Amino acid sequence: MLSTENPLNSLISAGQQATTLDVAMMAKLTQIVGDFAVNLAIALAILAATIFAARWAASATRKALGRVRGFRHDPTVLSFAVQVVRVVVFLIGFIAVLQRLGVQTTSIIAVLGAASLAVGLALQGTLSNVAAGVMLLILRPYRVGDLVNIGGNVGKVQRLDLFFTQLSDANNVKIMAPNGKVFGDIILNLSGQKNRRMELKIGVGYGDNLNAAKDALTSAAAAQDKVLPDPAPWAGVTNLLDSSVEMTLTAWTKSEDYWQTRADVFQAAKEALDAAGIEIPFPHQVAVPYGDDDPMPLAAEGQRGLRARSNPLSAGFDPGRDSDQNEA
């Protein structure tokens, strides 16, 4: 009887222990899931608060710098500072979210410290753009709204951020120039000065009166409303070309009126030369005979001239036709 009860009691005891262990494991698992759910909810709340705080900090920074006299009318500094503040707030919030989820911040810092060299080498172009953006902000070769020429791309500066300088050209095409390339290239600030000089190259004939051409050009430029009287327009001979005398006309105007004024001065110069009877030569070809046995190339004379010959091999000089005309 005892031998039968002992195995039964052992089996019951083992079942009770297993049940107790399962209950403990379920309780522990439930606690872990509950803690993770709470931490996840708090992390999401921190993330939402970070987004709100970043927007608030950016707006507060913009308003604070807007009250400073030196930055009030400078959107370049405002946009750059606002973006830096926004990035810093996001980094702080991201670290807080990771810490709430159980990731040790010290471990993250240690890993980043160990991988700093690799990250720096991999992101050297990106980091150089950030450094170049800071230098552009300090040196201020251009501001938002300026018309610049960067690497052959002409456009108006729309914004300057951590990585790119955004331009908009005359066709309203968006141009994104990396700050590192902008800082390492030649920057032409076309609207950096209050006034700007135009330089127009115009050819006149060798047989024309050059003094009359100079007077016509300077008078035409001075008659334009947006051409500045001081310095006065100037014209002079600057080169002797193959088929024309090159004259250069210079005039000053305000930077914001440059392109339209330049077009108006060009048109007025053409009309003034026409009124003065001064020719503006254009390239043309002259037919030179090569002899009876070596006709002129078709490309030089043209198809029409070749068809007009009575003898295509005579290069335009037909002895038989000339003799007939002389006899007549």
# chains A, B, ... in the order shown; residues from 1 in each chain; ligands from 1
>>> residues_around(residues="Gly236 in chain A", least_positions_apart="6", cutoff="12 Å", atoms="only C-alpha atoms", output="list in words")
Glu199, Leu200, Lys201, Ile202, Gly203, Val204, Leu210, Asn211, Ala212, Ala213, Lys214, Asp215, Ala216, Leu217, Thr218, Val245, Glu246, Met247, Thr248, Leu249 and Thr250 of chain A
>>> write_last_selection(atoms="N, CA and C atoms", output="JSON list (two decimals), in the first residue's frame")
[["chain", "number", "residue", "atom", "x", "y", "z"],
["A", 199, "GLU", "N", 29.14, 95.81, -69.91],
["A", 199, "GLU", "CA", 30.17, 95.96, -70.94],
["A", 199, "GLU", "C", 29.67, 95.30, -72.21],
["A", 200, "LEU", "N", 29.43, 96.09, -73.24],
["A", 200, "LEU", "CA", 28.85, 95.61, -74.49],
["A", 200, "LEU", "C", 29.88, 95.71, -75.60],
["A", 201, "LYS", "N", 30.07, 94.61, -76.34],
["A", 201, "LYS", "CA", 30.98, 94.57, -77.48],
["A", 201, "LYS", "C", 30.17, 94.72, -78.77],
["A", 202, "ILE", "N", 30.49, 95.76, -79.55],
["A", 202, "ILE", "CA", 29.75, 96.05, -80.78],
["A", 202, "ILE", "C", 30.76, 96.32, -81.88],
["A", 203, "GLY", "N", 30.57, 95.69, -83.06],
["A", 203, "GLY", "CA", 31.47, 95.88, -84.19],
["A", 203, "GLY", "C", 30.93, 96.89, -85.18],
["A", 204, "VAL", "N", 31.82, 97.72, -85.73],
["A", 204, "VAL", "CA", 31.45, 98.68, -86.78],
["A", 204, "VAL", "C", 32.39, 98.47, -87.96],
["A", 210, "LEU", "N", 34.68, 106.49, -86.78],
["A", 210, "LEU", "CA", 34.72, 105.92, -85.44],
["A", 210, "LEU", "C", 34.28, 106.93, -84.38],
["A", 211, "ASN", "N", 34.61, 108.19, -84.57],
["A", 211, "ASN", "CA", 34.18, 109.20, -83.60],
["A", 211, "ASN", "C", 32.67, 109.34, -83.58],
["A", 212, "ALA", "N", 32.05, 109.29, -84.78],
["A", 212, "ALA", "CA", 30.59, 109.35, -84.84],
["A", 212, "ALA", "C", 29.98, 108.12, -84.18],
["A", 213, "ALA", "N", 30.61, 106.96, -84.34],
["A", 213, "ALA", "CA", 30.11, 105.74, -83.70],
["A", 213, "ALA", "C", 30.21, 105.86, -82.18],
["A", 214, "LYS", "N", 31.32, 106.39, -81.67],
["A", 214, "LYS", "CA", 31.46, 106.57, -80.23],
["A", 214, "LYS", "C", 30.39, 107.50, -79.69],
["A", 215, "ASP", "N", 30.15, 108.61, -80.36],
["A", 215, "ASP", "CA", 29.13, 109.56, -79.89],
["A", 215, "ASP", "C", 27.74, 108.94, -79.92],
["A", 216, "ALA", "N", 27.46, 108.16, -80.97],
["A", 216, "ALA", "CA", 26.13, 107.53, -81.07],
["A", 216, "ALA", "C", 25.93, 106.52, -79.94],
["A", 217, "LEU", "N", 26.96, 105.76, -79.63],
["A", 217, "LEU", "CA", 26.83, 104.74, -78.58],
["A", 217, "LEU", "C", 26.67, 105.38, -77.20],
["A", 218, "THR", "N", 27.50, 106.37, -76.88],
["A", 218, "THR", "CA", 27.40, 106.99, -75.56],
["A", 218, "THR", "C", 26.09, 107.76, -75.40],
["A", 245, "VAL", "N", 35.65, 96.64, -86.73],
["A", 245, "VAL", "CA", 36.35, 97.31, -85.63],
["A", 245, "VAL", "C", 35.51, 97.12, -84.37],
["A", 246, "GLU", "N", 36.10, 96.51, -83.37],
["A", 246, "GLU", "CA", 35.35, 96.24, -82.14],
["A", 246, "GLU", "C", 35.36, 97.47, -81.25],
["A", 247, "MET", "N", 34.15, 97.88, -80.88],
["A", 247, "MET", "CA", 34.00, 99.00, -79.95],
["A", 247, "MET", "C", 33.31, 98.47, -78.69],
["A", 248, "THR", "N", 33.77, 98.97, -77.55],
["A", 248, "THR", "CA", 33.22, 98.56, -76.26],
["A", 248, "THR", "C", 32.46, 99.73, -75.65],
["A", 249, "LEU", "N", 31.23, 99.44, -75.26],
["A", 249, "LEU", "CA", 30.38, 100.44, -74.60],
["A", 249, "LEU", "C", 30.18, 100.00, -73.15],
["A", 250, "THR", "N", 30.50, 100.88, -72.21],
["A", 250, "THR", "CA", 30.31, 100.59, -70.79],
["A", 250, "THR", "C", 29.34, 101.61, -70.20]]
>>> residues_around(residues="Met176 in chain A", least_positions_apart="3", cutoff="10 Å", atoms="only C-alpha atoms", output="number ranges by chain")
A: 158-160, 163-168, 173, 179
>>> atom_distance(atom1="CA of Ala27 in chain A", atom2="CA of Leu44 in chain A")
25.4 Å
>>> closest_residue(among="A:Met198, A:Gly102, A:Gly152, A:Ala131", to="Asp35 in chain A", atoms="only C-alpha atoms")
A:Gly102
>>> select_by_dssp(residues="range 118-210 of chain A", states="strand (DSSP E)", output="VMD selection string")
chain A and resid 147 to 150 153 to 160 164 to 168 174 to 178 187 to 189 195 to 204
>>> closest_residue(among="A:Val148, A:Ser255, A:Ile42, A:Ala272", to="Ala222 in chain A", atoms="only C-alpha atoms")
A:Ala272
>>> closest_residue(among="A:Val265, A:Val227, A:Ala43, A:Ala49", to="Trp252 in chain A", atoms="only C-alpha atoms")
A:Val227
>>> residues_around(residues="Ile186 in chain A", least_positions_apart="2", cutoff="10 Å", atoms="only C-alpha atoms", output="ChimeraX atom specification")
/A:149-152,181-184,188-189
>>> write_last_selection(atoms="C-alpha atoms", output="PDB file, in the first residue's frame")
ATOM      1  CA  ASN A 149      27.270  82.476 -59.658  1.00  0.00           C
ATOM      2  CA  ILE A 150      28.548  79.261 -58.081  1.00  0.00           C
ATOM      3  CA  GLY A 151      30.393  76.831 -60.322  1.00  0.00           C
ATOM      4  CA  GLY A 152      28.764  78.320 -63.425  1.00  0.00           C
ATOM      5  CA  LYS A 181      31.678  72.527 -52.945  1.00  0.00           C
ATOM      6  CA  VAL A 182      30.379  76.070 -52.612  1.00  0.00           C
ATOM      7  CA  PHE A 183      33.013  76.976 -50.024  1.00  0.00           C
ATOM      8  CA  GLY A 184      35.804  75.447 -52.127  1.00  0.00           C
ATOM      9  CA  LEU A 188      30.531  85.489 -57.755  1.00  0.00           C
ATOM     10  CA  ASN A 189      28.015  87.605 -55.869  1.00  0.00           C
TER      11      ASN A 189
END
>>> residues_around(residues="range 76-89 of chain A", least_positions_apart="2", cutoff="10 Å", atoms="only C-alpha atoms", output="ChimeraX atom specification")
/A:50-66,70-74,91-94,133-134,136-138,140,142-145,157-162
>>> closest_residue(among="A:Leu101, A:Ala268, A:Ala276, A:Val154", to="Val38 in chain A", atoms="only C-alpha atoms")
A:Leu101
>>> residues_around(residues="Gly180 in chain A", least_positions_apart="6", cutoff="8 Å", atoms="only C-alpha atoms", output="list in words")
Gly125, Ser128, Asn129, Val130, Ala131, Ala132 and Gly133 of chain A
>>> select_by_dssp(residues="range 53-260 of chain A", states="helix (DSSP H, G or I)", output="JSON, numbers by chain")
{"A": [53, 54, 55, 56, 57, 58, 59, 60, 61, 62, 63, 64, 65, 66, 67, 75, 76, 77, 78, 79, 80, 81, 82, 83, 84, 85, 86, 87, 88, 89, 90, 91, 92, 93, 94, 95, 96, 97, 98, 99, 100, 105, 106, 107, 108, 109, 110, 111, 112, 113, 114, 116, 117, 118, 119, 120, 121, 122, 124, 125, 126, 127, 128, 129, 130, 131, 132, 133, 134, 135, 136, 137, 138, 139, 179, 180, 181, 182, 183, 184, 210, 211, 212, 213, 214, 215, 216, 217, 218, 219, 220, 221, 222, 255, 256, 257, 258, 259, 260]}
